[in-house]
Amino acid sequence: MKEIRKMLHPLPLIRSKGKTTPVYHLGGVWENRLGLQVGRVVLKNLLWQVRRVNEDESVKHHVETLQRDGVLAIENFLTDENFESVAEEYRSAMSYSAPEPYKGLEDAKLFRTQIPVADDLSSFPNINRLFRQNSFLRSIAAGAIRRNITQDPTVFLDKYVCLNPIGVENDIENILHADLHTPTIKMFFYLNTVNEENGAFVYAKRSHTLNFSRIRHEYELSIRQARMRKGLPISESLVESRGTETRNVISPELYRQMNVEETQICAKPNTLVIANNMGFHRRGEFTSSTPREALLISFRNSEKIFF
């Protein structure tokens, strides 16, 4: 049996087994040269095209906006009373948690505190009710990914702050990237004002749509990702580093061909930002000591782990 598993392990479907969420890239250099990632992208998006879910009329406008732009912002999402209850749970939890260097990097510029709600539901009854178990949010996510949502989303209390302006630039997430090769929904609920100074979310509208240039990007990126995993050299012009981490970037040629235009989504407190993170996005820079305080709600676990 062990020998059979060893023989089957290189197959893409087998390598996906045991994962809790889908992986963006897998396979070796030659597999991807032969089109493994292109096949994954095309198949996943064809399946998305033909899927249908029972449409909730109350979220139809939001789903249509997501399908067109890939991102939307809902201001004054909660009533004043509910917002204050959520803010109080957030402040109480954060008062017991000191920020740590993001990615554990010594002399870091950016620090983070992240608290998973599911680990202590009794401390977050309002956050659990208004975000983890919110049928309105589930309906939006279901309409966008075209799947019935059967699992609670993962919800985190998130706080990012620049505590060392002259420290090492350690935020790998401020490099433009996509999260997955198929529609996937992530939401940010802001508890304070976010803008150009404290990491407001940046999104390239309409970059979530699949076209020839995006397929070409997926093909080229998959080969570079496979080379990186094997420790093989990659053109320095096609990678960027933050601290000890390196990320492959969109080639300048395909950046132009895909008409990528980055938009920073600045927001007031009590704003919910919803994004299809198949589209290109990044975290904004931190140029002040003002923190970014938010809830992170991810429906990544609702995408099926298949190819």
# chains A, B, ... in the order shown; residues from 1 in each chain; ligands from 1
call {"tool": "closest_atom_pairs", "arguments": {"of": "segment 220-282 of chain A", "to": "segment 164-172 of chain A", "cutoff": "9 Å", "atoms": "only C-alpha atoms", "output": "Markdown table"}}
result
| residue | atom | partner | partner_atom | distance |
| --- | --- | --- | --- | --- |
| A:Glu240 | CA | A:Ile172 | CA | 8.7 |
| A:Ser241 | CA | A:Ile172 | CA | 7.2 |
| A:Arg242 | CA | A:Asn170 | CA | 4.8 |
| A:Gly243 | CA | A:Asn170 | CA | 4.6 |
| A:Thr244 | CA | A:Asn170 | CA | 7.7 |
| A:Glu245 | CA | A:Ile172 | CA | 6.8 |
| A:Thr246 | CA | A:Ile172 | CA | 7.5 |
| A:Arg247 | CA | A:Ile172 | CA | 7.4 |
| A:Arg282 | CA | A:Ile172 | CA | 9.0 |
call {"tool": "residues_around", "arguments": {"residues": "His62 of chain A", "least_positions_apart": "6", "cutoff": "12 Å", "atoms": "only C-alpha atoms", "output": "ChimeraX atom specification"}}
result
/A:55-56,68-74,136-137,139-144,272-276
call {"tool": "residues_around", "arguments": {"residues": "segment 264-267 of chain A", "least_positions_apart": "3", "cutoff": "12 Å", "atoms": "only C-alpha atoms", "output": "ChimeraX atom specification"}}
result
/A:71-77,174,188-205,261,270-275,281-285,292-294
call {"tool": "residues_around", "arguments": {"residues": "Ile250 of chain A", "least_positions_apart": "4", "cutoff": "8 Å", "atoms": "only C-alpha atoms", "output": "list in words"}}
result
Leu176, His177, His217, Leu221, Leu238, Leu254 and Tyr255 of chain A
call {"tool": "decode", "arguments": {"residues": "segment 185-200 of chain A", "atoms": "N, CA and C atoms", "output": "PDB file, in the first residue's frame"}}
result
ATOM      1  N   ILE A 185     -13.568  34.451  -2.152  1.00  0.00           N
ATOM      2  CA  ILE A 185     -14.050  35.678  -1.525  1.00  0.00           C
ATOM      3  C   ILE A 185     -13.384  35.924  -0.170  1.00  0.00           C
ATOM      4  N   LYS A 186     -12.908  37.166  -0.025  1.00  0.00           N
ATOM      5  CA  LYS A 186     -12.348  37.633   1.245  1.00  0.00           C
ATOM      6  C   LYS A 186     -12.975  38.983   1.562  1.00  0.00           C
ATOM      7  N   MET A 187     -13.233  39.216   2.840  1.00  0.00           N
ATOM      8  CA  MET A 187     -13.874  40.460   3.271  1.00  0.00           C
ATOM      9  C   MET A 187     -13.070  41.111   4.391  1.00  0.00           C
ATOM     10  N   PHE A 188     -13.106  42.444   4.417  1.00  0.00           N
ATOM     11  CA  PHE A 188     -12.454  43.212   5.469  1.00  0.00           C
ATOM     12  C   PHE A 188     -13.489  44.157   6.067  1.00  0.00           C
ATOM     13  N   PHE A 189     -13.675  44.069   7.376  1.00  0.00           N
ATOM     14  CA  PHE A 189     -14.570  45.002   8.061  1.00  0.00           C
ATOM     15  C   PHE A 189     -13.709  45.937   8.904  1.00  0.00           C
ATOM     16  N   TYR A 190     -13.752  47.218   8.589  1.00  0.00           N
ATOM     17  CA  TYR A 190     -12.841  48.171   9.220  1.00  0.00           C
ATOM     18  C   TYR A 190     -13.453  48.798  10.468  1.00  0.00           C
ATOM     19  N   LEU A 191     -12.638  48.844  11.515  1.00  0.00           N
ATOM     20  CA  LEU A 191     -13.054  49.440  12.777  1.00  0.00           C
ATOM     21  C   LEU A 191     -12.477  50.834  12.975  1.00  0.00           C
ATOM     22  N   ASN A 192     -11.532  51.221  12.135  1.00  0.00           N
ATOM     23  CA  ASN A 192     -11.023  52.592  12.140  1.00  0.00           C
ATOM     24  C   ASN A 192     -10.847  53.052  10.700  1.00  0.00           C
ATOM     25  N   THR A 193     -10.500  54.311  10.532  1.00  0.00           N
ATOM     26  CA  THR A 193     -10.310  54.857   9.190  1.00  0.00           C
ATOM     27  C   THR A 193      -9.044  54.277   8.573  1.00  0.00           C
ATOM     28  N   VAL A 194      -9.172  53.801   7.330  1.00  0.00           N
ATOM     29  CA  VAL A 194      -8.000  53.300   6.616  1.00  0.00           C
ATOM     30  C   VAL A 194      -7.830  54.117   5.339  1.00  0.00           C
ATOM     31  N   ASN A 195      -6.585  54.458   5.059  1.00  0.00           N
ATOM     32  CA  ASN A 195      -6.297  55.282   3.881  1.00  0.00           C
ATOM     33  C   ASN A 195      -4.892  54.987   3.377  1.00  0.00           C
ATOM     34  N   GLU A 196      -4.333  55.927   2.625  1.00  0.00           N
ATOM     35  CA  GLU A 196      -3.017  55.725   2.012  1.00  0.00           C
ATOM     36  C   GLU A 196      -1.898  55.614   3.042  1.00  0.00           C
ATOM     37  N   GLU A 197      -2.153  56.017   4.280  1.00  0.00           N
ATOM     38  CA  GLU A 197      -1.095  56.027   5.302  1.00  0.00           C
ATOM     39  C   GLU A 197      -1.048  54.771   6.155  1.00  0.00           C
ATOM     40  N   ASN A 198      -2.146  54.004   6.190  1.00  0.00           N
ATOM     41  CA  ASN A 198      -2.145  52.830   7.076  1.00  0.00           C
ATOM     42  C   ASN A 198      -2.692  51.574   6.394  1.00  0.00           C
ATOM     43  N   GLY A 199      -2.187  51.349   5.196  1.00  0.00           N
ATOM     44  CA  GLY A 199      -2.363  50.039   4.560  1.00  0.00           C
ATOM     45  C   GLY A 199      -3.713  49.737   3.964  1.00  0.00           C
ATOM     46  N   ALA A 200      -4.448  50.742   3.496  1.00  0.00           N
ATOM     47  CA  ALA A 200      -5.742  50.462   2.874  1.00  0.00           C
ATOM     48  C   ALA A 200      -5.577  49.487   1.704  1.00  0.00           C
TER      49      ALA A 200
END
